[in-house]
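S.K.: Sharing run-v4.pdb (PDB, C-alpha atoms and all ligand atoms) below.
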```pdb
MODEL        1
ATOM      1  CA  MET D   1      15.857  -2.821  16.131
ATOM      2  CA  LEU D   2      15.290  -6.178  14.422
ATOM      3  CA  PRO D   3      12.210  -8.140  15.611
ATOM      4  CA  THR D   4      12.755 -11.265  17.724
ATOM      5  CA  LEU D   5      11.584 -14.426  15.991
ATOM      6  CA  LYS D   6       9.714 -16.911  18.143
ATOM      7  CA  LEU D   7       8.967 -20.310  16.623
ATOM      8  CA  PRO D   8       5.779 -22.179  17.659
ATOM      9  CA  SER D   9       6.000 -25.319  19.834
ATOM     10  CA  LEU D  10       5.743 -28.765  18.218
ATOM     11  CA  ASP D  11       2.451 -29.399  20.081
ATOM     12  CA  ARG D  12       0.893 -26.324  18.489
ATOM     13  CA  VAL D  13       2.194 -27.273  15.043
ATOM     14  CA  VAL D  14       0.642 -30.769  15.388
ATOM     15  CA  ALA D  15      -2.694 -29.319  16.601
ATOM     16  CA  GLU D  16      -2.763 -26.862  13.718
ATOM     17  CA  PHE D  17      -1.914 -29.591  11.200
ATOM     18  CA  ASP D  18      -5.175 -31.230  12.264
ATOM     19  CA  THR D  19      -6.955 -28.002  11.256
ATOM     20  CA  VAL D  20      -5.246 -28.156   7.844
ATOM     21  CA  LEU D  21      -6.635 -31.617   7.195
ATOM     22  CA  ARG D  22     -10.119 -30.653   8.398
ATOM     23  CA  THR D  23     -10.187 -27.498   6.268
ATOM     24  CA  LEU D  24      -9.169 -29.215   3.067
ATOM     25  CA  ALA D  25     -10.743 -32.644   3.460
ATOM     26  CA  ALA D  26     -13.787 -32.540   5.769
ATOM     27  CA  PRO D  27     -17.078 -30.625   5.336
ATOM     28  CA  ALA D  28     -17.252 -27.484   7.488
ATOM     29  CA  ILE D  29     -20.168 -27.129   9.900
ATOM     30  CA  SER D  30     -22.042 -23.930  10.789
ATOM     31  CA  GLU D  31     -23.545 -23.352  14.231
ATOM     32  CA  ARG D  32     -25.495 -20.342  13.021
ATOM     33  CA  PRO D  33     -28.276 -21.108  10.544
ATOM     34  CA  HIS D  34     -27.094 -20.564   6.951
ATOM     35  CA  PRO D  35     -28.112 -16.984   5.998
ATOM     36  CA  ASP D  36     -30.053 -18.304   2.988
ATOM     37  CA  ALA D  37     -31.825 -21.125   4.842
ATOM     38  CA  HIS D  38     -35.231 -19.407   4.638
ATOM     39  CA  ILE D  39     -34.880 -18.327   0.981
ATOM     40  CA  ASP D  40     -36.160 -20.336  -1.986
ATOM     41  CA  GLU D  41     -33.945 -21.164  -4.954
ATOM     42  CA  ALA D  42     -34.531 -18.749  -7.847
ATOM     43  CA  GLU D  43     -34.979 -19.599 -11.514
ATOM     44  CA  MET D  44     -31.670 -18.996 -13.281
ATOM     45  CA  THR D  45     -30.339 -19.646 -16.764
ATOM     46  CA  ALA D  46     -27.418 -22.078 -17.105
ATOM     47  CA  GLU D  47     -25.094 -19.120 -17.700
ATOM     48  CA  GLU D  48     -26.328 -17.261 -14.598
ATOM     49  CA  LYS D  49     -25.867 -20.397 -12.501
ATOM     50  CA  ARG D  50     -22.363 -20.923 -13.861
ATOM     51  CA  HIS D  51     -21.460 -17.306 -13.069
ATOM     52  CA  ALA D  52     -22.930 -17.456  -9.535
ATOM     53  CA  ALA D  53     -21.098 -20.743  -8.897
ATOM     54  CA  GLY D  54     -17.830 -19.175 -10.112
ATOM     55  CA  LEU D  55     -18.251 -16.245  -7.713
ATOM     56  CA  MET D  56     -19.141 -18.513  -4.796
ATOM     57  CA  ARG D  57     -16.124 -20.691  -5.647
ATOM     58  CA  VAL D  58     -13.938 -17.577  -5.394
ATOM     59  CA  ASN D  59     -15.529 -16.769  -2.024
ATOM     60  CA  HIS D  60     -14.988 -20.324  -0.831
ATOM     61  CA  SER D  61     -11.295 -20.113  -1.822
ATOM     62  CA  GLY D  62     -11.117 -16.842   0.115
ATOM     63  CA  GLU D  63     -12.444 -18.656   3.164
ATOM     64  CA  VAL D  64      -9.845 -21.411   2.732
ATOM     65  CA  CYS D  65      -7.235 -18.627   2.790
ATOM     66  CA  ALA D  66      -8.873 -17.165   5.910
ATOM     67  CA  GLN D  67      -8.507 -20.527   7.661
ATOM     68  CA  ALA D  68      -4.792 -20.491   6.877
ATOM     69  CA  LEU D  69      -4.321 -16.890   7.984
ATOM     70  CA  TYR D  70      -6.064 -17.417  11.318
ATOM     71  CA  GLN D  71      -4.061 -20.577  11.769
ATOM     72  CA  GLY D  72      -0.855 -18.671  11.119
ATOM     73  CA  GLN D  73      -2.039 -16.130  13.664
ATOM     74  CA  ALA D  74      -2.748 -18.888  16.218
ATOM     75  CA  LEU D  75       0.659 -20.450  15.645
ATOM     76  CA  THR D  76       2.684 -17.305  16.013
ATOM     77  CA  ALA D  77       0.764 -14.773  18.159
ATOM     78  CA  ARG D  78       2.632 -13.957  21.363
ATOM     79  CA  ASP D  79      -0.258 -12.256  23.133
ATOM     80  CA  PRO D  80      -2.641 -14.910  24.600
ATOM     81  CA  ALA D  81      -5.442 -12.331  24.898
ATOM     82  CA  ALA D  82      -5.255 -11.565  21.180
ATOM     83  CA  ARG D  83      -5.160 -15.258  20.360
ATOM     84  CA  GLN D  84      -8.286 -15.864  22.444
ATOM     85  CA  ALA D  85     -10.132 -12.846  21.038
ATOM     86  CA  LEU D  86      -9.503 -13.985  17.478
ATOM     87  CA  LYS D  87     -10.823 -17.493  18.120
ATOM     88  CA  HIS D  88     -14.392 -16.264  17.659
ATOM     89  CA  ALA D  89     -13.519 -14.680  14.310
ATOM     90  CA  ALA D  90     -11.764 -17.889  13.234
ATOM     91  CA  HIS D  91     -14.880 -19.843  14.179
ATOM     92  CA  GLU D  92     -17.017 -17.577  11.980
ATOM     93  CA  GLU D  93     -14.605 -18.239   9.098
ATOM     94  CA  VAL D  94     -15.384 -21.958   9.440
ATOM     95  CA  GLU D  95     -19.075 -21.065   9.134
ATOM     96  CA  HIS D  96     -18.364 -19.034   5.996
ATOM     97  CA  LEU D  97     -16.583 -22.067   4.602
ATOM     98  CA  ALA D  98     -19.710 -24.175   5.252
ATOM     99  CA  TRP D  99     -22.099 -21.591   3.735
ATOM    100  CA  THR D 100     -20.077 -21.093   0.537
ATOM    101  CA  ALA D 101     -19.414 -24.842   0.102
ATOM    102  CA  GLN D 102     -23.121 -25.618   0.332
ATOM    103  CA  ARG D 103     -24.015 -22.840  -2.067
ATOM    104  CA  ILE D 104     -21.496 -24.087  -4.668
ATOM    105  CA  THR D 105     -23.063 -27.557  -4.490
ATOM    106  CA  GLU D 106     -26.584 -26.130  -4.807
ATOM    107  CA  LEU D 107     -25.468 -24.270  -7.931
ATOM    108  CA  GLY D 108     -24.258 -27.542  -9.403
ATOM    109  CA  SER D 109     -20.526 -26.960  -9.173
ATOM    110  CA  ARG D 110     -17.484 -27.826  -7.019
ATOM    111  CA  PRO D 111     -14.844 -25.982  -4.972
ATOM    112  CA  SER D 112     -11.627 -24.809  -6.596
ATOM    113  CA  LEU D 113      -9.032 -27.467  -7.400
ATOM    114  CA  LEU D 114      -6.399 -24.920  -6.392
ATOM    115  CA  ASN D 115      -7.504 -24.634  -2.754
ATOM    116  CA  PRO D 116      -4.513 -26.592  -1.360
ATOM    117  CA  LEU D 117      -2.236 -24.117  -3.139
ATOM    118  CA  TRP D 118      -4.090 -21.063  -1.755
ATOM    119  CA  TYR D 119      -4.043 -22.619   1.697
ATOM    120  CA  ALA D 120      -0.290 -23.238   1.651
ATOM    121  CA  GLY D 121       0.466 -19.751   0.333
ATOM    122  CA  SER D 122      -1.764 -18.031   2.890
ATOM    123  CA  LEU D 123      -0.366 -20.066   5.758
ATOM    124  CA  ALA D 124       3.181 -19.142   4.725
ATOM    125  CA  MET D 125       2.205 -15.449   4.597
ATOM    126  CA  GLY D 126       0.360 -15.610   7.929
ATOM    127  CA  VAL D 127       3.216 -17.348   9.699
ATOM    128  CA  THR D 128       5.762 -14.930   8.215
ATOM    129  CA  ALA D 129       3.732 -11.927   9.383
ATOM    130  CA  GLY D 130       3.323 -13.566  12.803
ATOM    131  CA  LEU D 131       7.022 -14.252  13.196
ATOM    132  CA  ILE D 132       7.766 -10.588  12.568
ATOM    133  CA  GLY D 133       5.448  -9.618  15.421
ATOM    134  CA  ASP D 134       1.862  -9.383  16.675
ATOM    135  CA  ARG D 135       1.332  -5.851  15.352
ATOM    136  CA  TRP D 136       2.134  -6.972  11.800
ATOM    137  CA  ASN D 137       0.315 -10.245  12.154
ATOM    138  CA  LEU D 138      -2.845  -8.420  13.234
ATOM    139  CA  GLY D 139      -2.302  -5.680  10.645
ATOM    140  CA  PHE D 140      -2.041  -8.307   7.923
ATOM    141  CA  LEU D 141      -5.228  -9.943   9.180
ATOM    142  CA  ALA D 142      -7.093  -6.611   9.286
ATOM    143  CA  GLU D 143      -5.992  -5.658   5.768
ATOM    144  CA  THR D 144      -7.003  -9.091   4.461
ATOM    145  CA  GLU D 145     -10.452  -8.771   6.042
ATOM    146  CA  ARG D 146     -10.892  -5.296   4.512
ATOM    147  CA  GLN D 147      -9.857  -6.507   1.053
ATOM    148  CA  VAL D 148     -12.155  -9.541   1.321
ATOM    149  CA  GLY D 149     -14.967  -7.221   2.435
ATOM    150  CA  ALA D 150     -14.478  -4.990  -0.623
ATOM    151  CA  HIS D 151     -14.441  -8.062  -2.786
ATOM    152  CA  LEU D 152     -17.706  -9.378  -1.341
ATOM    153  CA  GLN D 153     -19.294  -5.973  -1.848
ATOM    154  CA  SER D 154     -18.342  -6.116  -5.526
ATOM    155  CA  HIS D 155     -19.950  -9.559  -5.828
ATOM    156  CA  LEU D 156     -23.258  -8.095  -4.704
ATOM    157  CA  THR D 157     -23.232  -5.980  -7.865
ATOM    158  CA  THR D 158     -22.428  -8.844 -10.229
ATOM    159  CA  LEU D 159     -24.371 -11.828  -8.839
ATOM    160  CA  PRO D 160     -27.588 -12.538 -10.768
ATOM    161  CA  PRO D 161     -30.192 -10.147  -9.270
ATOM    162  CA  GLN D 162     -32.666 -12.966  -8.548
ATOM    163  CA  ASP D 163     -30.078 -15.173  -6.774
ATOM    164  CA  SER D 164     -31.203 -14.086  -3.312
ATOM    165  CA  LYS D 165     -29.664 -17.161  -1.670
ATOM    166  CA  SER D 166     -26.093 -16.349  -2.761
ATOM    167  CA  ARG D 167     -26.726 -12.678  -1.977
ATOM    168  CA  ALA D 168     -27.842 -13.455   1.584
ATOM    169  CA  VAL D 169     -24.680 -15.523   2.179
ATOM    170  CA  VAL D 170     -22.386 -12.859   0.723
ATOM    171  CA  ALA D 171     -24.096 -10.034   2.649
ATOM    172  CA  GLN D 172     -23.726 -11.808   6.027
ATOM    173  CA  MET D 173     -20.108 -12.679   5.254
ATOM    174  CA  HIS D 174     -19.442  -9.024   4.427
ATOM    175  CA  THR D 175     -20.877  -7.956   7.801
ATOM    176  CA  ASP D 176     -18.729 -10.549   9.613
ATOM    177  CA  GLU D 177     -15.511  -9.665   7.746
ATOM    178  CA  MET D 178     -15.885  -5.979   8.625
ATOM    179  CA  THR D 179     -16.276  -6.936  12.293
ATOM    180  CA  HIS D 180     -13.144  -9.106  12.049
ATOM    181  CA  ALA D 181     -11.171  -6.227  10.514
ATOM    182  CA  VAL D 182     -12.153  -3.856  13.331
ATOM    183  CA  LEU D 183     -11.313  -6.518  15.936
ATOM    184  CA  ALA D 184      -7.810  -7.084  14.503
ATOM    185  CA  GLU D 185      -7.242  -3.303  14.407
ATOM    186  CA  ASP D 186      -8.517  -2.850  17.969
ATOM    187  CA  LEU D 187      -6.147  -5.591  19.142
ATOM    188  CA  GLY D 188      -3.237  -3.501  17.863
ATOM    189  CA  GLY D 189      -2.903  -4.329  14.169
ATOM    190  CA  ALA D 190      -0.528  -1.908  12.425
ATOM    191  CA  PRO D 191      -1.502  -0.286   9.106
ATOM    192  CA  LEU D 192       0.536  -2.069   6.433
ATOM    193  CA  PRO D 193       2.906  -0.174   4.134
ATOM    194  CA  ALA D 194       1.371   0.691   0.740
ATOM    195  CA  PRO D 195       3.632  -1.693  -1.282
ATOM    196  CA  VAL D 196       2.496  -4.639   0.898
ATOM    197  CA  ARG D 197      -1.154  -3.674   0.429
ATOM    198  CA  THR D 198      -0.593  -3.464  -3.335
ATOM    199  CA  LEU D 199       1.097  -6.870  -3.378
ATOM    200  CA  MET D 200      -1.849  -8.336  -1.451
ATOM    201  CA  THR D 201      -4.327  -6.827  -3.934
ATOM    202  CA  THR D 202      -2.374  -8.231  -6.885
ATOM    203  CA  THR D 203      -2.202 -11.701  -5.303
ATOM    204  CA  SER D 204      -5.909 -11.685  -4.543
ATOM    205  CA  LYS D 205      -6.735 -10.678  -8.147
ATOM    206  CA  LEU D 206      -4.751 -13.670  -9.393
ATOM    207  CA  MET D 207      -6.475 -15.976  -6.923
ATOM    208  CA  THR D 208      -9.870 -14.599  -7.916
ATOM    209  CA  SER D 209      -9.462 -15.097 -11.637
ATOM    210  CA  LEU D 210      -8.032 -18.620 -11.281
ATOM    211  CA  SER D 211     -10.548 -19.870  -8.685
ATOM    212  CA  TYR D 212     -13.441 -18.522 -10.778
ATOM    213  CA  ARG D 213     -12.433 -20.904 -13.579
ATOM    214  CA  LEU D 214     -10.697 -23.759 -11.761
TER     215      LEU D 214
HETATM  216 FE    FE D 301     -14.816 -15.170   6.037
HETATM  217 FE    FE D 302     -13.120 -12.719   8.339
ENDMDL
END
```
With the file now loaded, output its structure as C-alpha cells.
M.R.:
Amino acid sequence: MLPTLKLPSLDRVVAEFDTVLRTLAAPAISERPHPDAHIDEAEMTAEEKRHAAGLMRVNHSGEVCAQALYQGQALTARDPAARQALKHAAHEEVEHLAWTAQRITELGSRPSLLNPLWYAGSLAMGVTAGLIGDRWNLGFLAETERQVGAHLQSHLTTLPPQDSKSRAVVAQMHTDEMTHAVLAEDLGGAPLPAPVRTLMTTTSKLMTSLSYRL
C-alpha cells in the first residue's frame, strides 16, 4: 500500500522558517557548559591548528545538517509524542552548534561557506523521509545519528593529541549522538535499506571533504 502524504500546516512552516534563519544567521547558545570550558588551550603548530579547525568546521556543518533534519522531523511527524520526545535531542543539537562554532573561532577559522547548501539539502531529505511516514523519518534520523557518531569517533583519532579542548567537545557530542540514535530507534525508527545507507554515507563523505576546505 502506498503511504499517505500529509503536508505541514502554513503556521508550522512559518515557525520552522524562523529556525532556518536562526540556525544560519544567529549565534547558537548552549545551556549546558561547553565541554571544554575548564580546559586550557594547548600549544599547537599552525598546521595542527588548521587541521583541527578543518575537522571542527566539518562537525559544525554536520550540526547545521542536524538542525535541518530535526526541523524536517518536526514539520512532518504525525505522532505528537514522538515530536515532543525529539525536542530534547533537537535542543542538544543547538548546543553542539554553539560548541563547534566557538571552537572554530578559537582555532582562528570560520564556519563552512557551504552551510546554506547543506542545510537546504538536509531539510529536503528530512521532509521527504517525513512525508513517507514516521517510521522512515525516525529511521533516517537514527541512521544519521549513527553515521555522525562514527564520524566523530574517527575525529578523535586524527585531532592533534594535545588539543584536549576539541577532543572534549567531540567526545560529548559523540555521547549525545548515540543517545539520539537510540531514542529515534525506540520511538519506532525503521532500519533503512542498505542502498539508502550507502547513499547517505557517500553524501556525507562529499560534505566532509568540502566543508574541511571551504
Ligand atoms: Fe549533534
Ligand atoms: Fe544528534
S.K.: Please extract the residues at most 8 Å from ligand FE 301 (chain D), counting only C-alpha atoms and all ligand atoms, and provide them as an mmCIF file with C-alpha atoms, in the frame of the given file, using the chain letters and residue numbers of this document.
M.R.:
```cif
data_model
loop_
_atom_site.group_PDB
_atom_site.id
_atom_site.type_symbol
_atom_site.label_atom_id
_atom_site.label_comp_id
_atom_site.auth_asym_id
_atom_site.auth_seq_id
_atom_site.Cartn_x
_atom_site.Cartn_y
_atom_site.Cartn_z
ATOM 1 C CA GLY D 62 -11.117 -16.842 0.115
ATOM 2 C CA GLU D 63 -12.444 -18.656 3.164
ATOM 3 C CA ALA D 66 -8.873 -17.165 5.910
ATOM 4 C CA GLU D 92 -17.017 -17.577 11.980
ATOM 5 C CA GLU D 93 -14.605 -18.239 9.098
ATOM 6 C CA VAL D 94 -15.384 -21.958 9.440
ATOM 7 C CA GLU D 95 -19.075 -21.065 9.134
ATOM 8 C CA HIS D 96 -18.364 -19.034 5.996
ATOM 9 C CA LEU D 97 -16.583 -22.067 4.602
ATOM 10 C CA GLU D 145 -10.452 -8.771 6.042
ATOM 11 C CA VAL D 148 -12.155 -9.541 1.321
ATOM 12 C CA MET D 173 -20.108 -12.679 5.254
ATOM 13 C CA HIS D 174 -19.442 -9.024 4.427
ATOM 14 C CA ASP D 176 -18.729 -10.549 9.613
ATOM 15 C CA GLU D 177 -15.511 -9.665 7.746
#
```
S.K.: To verify the selection step, state as a PyMOL selection string which residues the PyMOL selection byres (((chain D and resi 140) around 10) and not hetatm) yields on this input.
M.R.: chain D and resi 69+73+125-126+129-130+134-139+141-146+181+184-185+189-192+196-197+200
S.K.: Check the smallest atom-to-atom distance from each of D:Gly72, D:Gly149, D:Ser61, D:Gln162 to Ala42 of chain D using only C-alpha atoms, then report the winner.
M.R.: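 For Ala42 of chain D, the nearest of the given residues is D:Gln162.
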S.K.: Name all residues at most 8 Å from Tyr119 of chain D (count only C-alpha atoms; drop same-chain ones fewer than 4 positions away) and give them as a ChimeraX atom specification.
M.R.: /D:64-65,67-68,115,123
S.K.: Grab the atom CA of Gly108 of chain D to atom CA of Leu206 of chain D distance for me, in Å with one decimal place.
M.R.: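 Taking atom CA of Gly108 of chain D as the start and atom CA of Leu206 of chain D as the end point, the length is 23.9 Å.
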S.K.: Calculate how many Å separate atom CA of Thr198 of chain D from atom CA of Leu152 of chain D, rounding to one decimal.
M.R.: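 A separation of 18.2 Å between them.
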S.K.: Quick one: contact table of segment 74-191 of chain D to segment 56-59 of chain D, 12 Å max, nearest atom pair and distance in Å to one decimal per residue, counting only C-alpha atoms, chain and number order, as a Markdown table?
M.R.:
```
| residue | atom | partner | partner_atom | distance |
| --- | --- | --- | --- | --- |
| D:Glu93 | CA | D:Asn59 | CA | 11.3 |
| D:His96 | CA | D:Asn59 | CA | 8.8 |
| D:Leu97 | CA | D:Asn59 | CA | 8.5 |
| D:Ala98 | CA | D:Asn59 | CA | 11.2 |
| D:Trp99 | CA | D:Met56 | CA | 9.5 |
| D:Thr100 | CA | D:Met56 | CA | 6.0 |
| D:Ala101 | CA | D:Arg57 | CA | 7.8 |
| D:Gln102 | CA | D:Met56 | CA | 9.6 |
| D:Arg103 | CA | D:Met56 | CA | 7.1 |
| D:Ile104 | CA | D:Met56 | CA | 6.1 |
| D:Thr105 | CA | D:Arg57 | CA | 9.8 |
| D:Glu106 | CA | D:Met56 | CA | 10.6 |
| D:Leu107 | CA | D:Met56 | CA | 9.1 |
| D:Gly108 | CA | D:Arg57 | CA | 11.3 |
| D:Ser109 | CA | D:Arg57 | CA | 8.4 |
| D:Arg110 | CA | D:Arg57 | CA | 7.4 |
| D:Pro111 | CA | D:Arg57 | CA | 5.5 |
| D:Ser112 | CA | D:Arg57 | CA | 6.2 |
| D:Leu113 | CA | D:Arg57 | CA | 10.0 |
| D:Leu114 | CA | D:Val58 | CA | 10.6 |
| D:Asn115 | CA | D:Val58 | CA | 9.9 |
| D:Trp118 | CA | D:Val58 | CA | 11.1 |
| D:Val148 | CA | D:Asn59 | CA | 8.6 |
| D:Gly149 | CA | D:Asn59 | CA | 10.6 |
| D:Ala150 | CA | D:Asn59 | CA | 11.9 |
| D:His151 | CA | D:Asn59 | CA | 8.8 |
| D:Leu152 | CA | D:Asn59 | CA | 7.7 |
| D:Gln153 | CA | D:Asn59 | CA | 11.4 |
| D:Ser154 | CA | D:Asn59 | CA | 11.6 |
| D:His155 | CA | D:Met56 | CA | 9.0 |
| D:Leu156 | CA | D:Met56 | CA | 11.2 |
| D:Thr158 | CA | D:Met56 | CA | 11.6 |
| D:Leu159 | CA | D:Met56 | CA | 9.4 |
| D:Pro160 | CA | D:Met56 | CA | 11.9 |
| D:Asp163 | CA | D:Met56 | CA | 11.6 |
| D:Lys165 | CA | D:Met56 | CA | 11.1 |
| D:Ser166 | CA | D:Met56 | CA | 7.6 |
| D:Arg167 | CA | D:Met56 | CA | 10.0 |
| D:Ala168 | CA | D:Met56 | CA | 11.9 |
| D:Val169 | CA | D:Met56 | CA | 9.4 |
| D:Val170 | CA | D:Asn59 | CA | 8.4 |
| D:Ala171 | CA | D:Asn59 | CA | 11.9 |
| D:Met173 | CA | D:Asn59 | CA | 9.5 |
| D:His174 | CA | D:Asn59 | CA | 10.8 |
```
S.K.: Could you write out the selected residues, including C-alpha atoms, as a short mmCIF file (atom, residue, chain, number, x, y, z; two decimals), in the coordinates of the input?
M.R.:
```cif
data_model
loop_
_atom_site.label_atom_id
_atom_site.label_comp_id
_atom_site.auth_asym_id
_atom_site.auth_seq_id
_atom_site.Cartn_x
_atom_site.Cartn_y
_atom_site.Cartn_z
CA GLU D 93 -14.60 -18.24 9.10
CA HIS D 96 -18.36 -19.03 6.00
CA LEU D 97 -16.58 -22.07 4.60
CA ALA D 98 -19.71 -24.18 5.25
CA TRP D 99 -22.10 -21.59 3.74
CA THR D 100 -20.08 -21.09 0.54
CA ALA D 101 -19.41 -24.84 0.10
CA GLN D 102 -23.12 -25.62 0.33
CA ARG D 103 -24.02 -22.84 -2.07
CA ILE D 104 -21.50 -24.09 -4.67
CA THR D 105 -23.06 -27.56 -4.49
CA GLU D 106 -26.58 -26.13 -4.81
CA LEU D 107 -25.47 -24.27 -7.93
CA GLY D 108 -24.26 -27.54 -9.40
CA SER D 109 -20.53 -26.96 -9.17
CA ARG D 110 -17.48 -27.83 -7.02
CA PRO D 111 -14.84 -25.98 -4.97
CA SER D 112 -11.63 -24.81 -6.60
CA LEU D 113 -9.03 -27.47 -7.40
CA LEU D 114 -6.40 -24.92 -6.39
CA ASN D 115 -7.50 -24.63 -2.75
CA TRP D 118 -4.09 -21.06 -1.76
CA VAL D 148 -12.16 -9.54 1.32
CA GLY D 149 -14.97 -7.22 2.44
CA ALA D 150 -14.48 -4.99 -0.62
CA HIS D 151 -14.44 -8.06 -2.79
CA LEU D 152 -17.71 -9.38 -1.34
CA GLN D 153 -19.29 -5.97 -1.85
CA SER D 154 -18.34 -6.12 -5.53
CA HIS D 155 -19.95 -9.56 -5.83
CA LEU D 156 -23.26 -8.10 -4.70
CA THR D 158 -22.43 -8.84 -10.23
CA LEU D 159 -24.37 -11.83 -8.84
CA PRO D 160 -27.59 -12.54 -10.77
CA ASP D 163 -30.08 -15.17 -6.77
CA LYS D 165 -29.66 -17.16 -1.67
CA SER D 166 -26.09 -16.35 -2.76
CA ARG D 167 -26.73 -12.68 -1.98
CA ALA D 168 -27.84 -13.46 1.58
CA VAL D 169 -24.68 -15.52 2.18
CA VAL D 170 -22.39 -12.86 0.72
CA ALA D 171 -24.10 -10.03 2.65
CA MET D 173 -20.11 -12.68 5.25
CA HIS D 174 -19.44 -9.02 4.43
#
```
S.K.: Adding 5 Å on each side of the box along x, y and z that holds all listed atoms of segment 54-70 of chain D, could you give its centre and edge lengths in Å to one decimal, as JSON?
M.R.:
```
{"center_x": -11.7, "center_y": -18.8, "center_z": 0.6, "size_x": 24.8, "size_y": 15.2, "size_z": 31.4}
```
S.K.: Pick from D:Pro193, D:Ala90, D:Ile132, D:Met207: nearest to ligand FE 302 (chain D), with all atoms listed in the file counted?
M.R.: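 Once distances to ligand FE 302 (chain D) are computed over all atoms listed in the file, the minimum belongs to D:Ala90.
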S.K.: Measuring between all atoms listed in the file, which one of D:Ala53, D:Ala89, D:Leu117, D:Val182 shows the shortest distance to ligand FE 302 (chain D)?
M.R.: D:Ala89
S.K.: Using all atoms listed in the file, which of D:Leu199, D:Gln172, D:Ala120, D:Met178 sits nearest ligand FE 302 (chain D)?
M.R.: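 Smallest separation from ligand FE 302 (chain D) among the options: D:Met178.
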S.K.: Pick out the closest residue to ligand FE 302 (chain D) from this set: D:Pro195, D:Met44, D:Glu31, D:His91. Count only C-alpha atoms and all ligand atoms.
M.R.: D:His91
S.K.: Would you mind telling me which residue in D:Gly133, D:Tyr70, D:Asp79, D:Ala124 lies nearest to ligand FE 302 (chain D) when using all atoms listed in the file?
M.R.: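 For ligand FE 302 (chain D), the nearest of the candidates is D:Tyr70.
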S.K.: Would you work out the distance separating atom CA of Leu183 of chain D from atom CA of Val127 of chain D, expressed in Å to one decimal?
M.R.: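 According to the coordinates, atom CA of Leu183 of chain D and atom CA of Val127 of chain D are separated by 19.2 Å.
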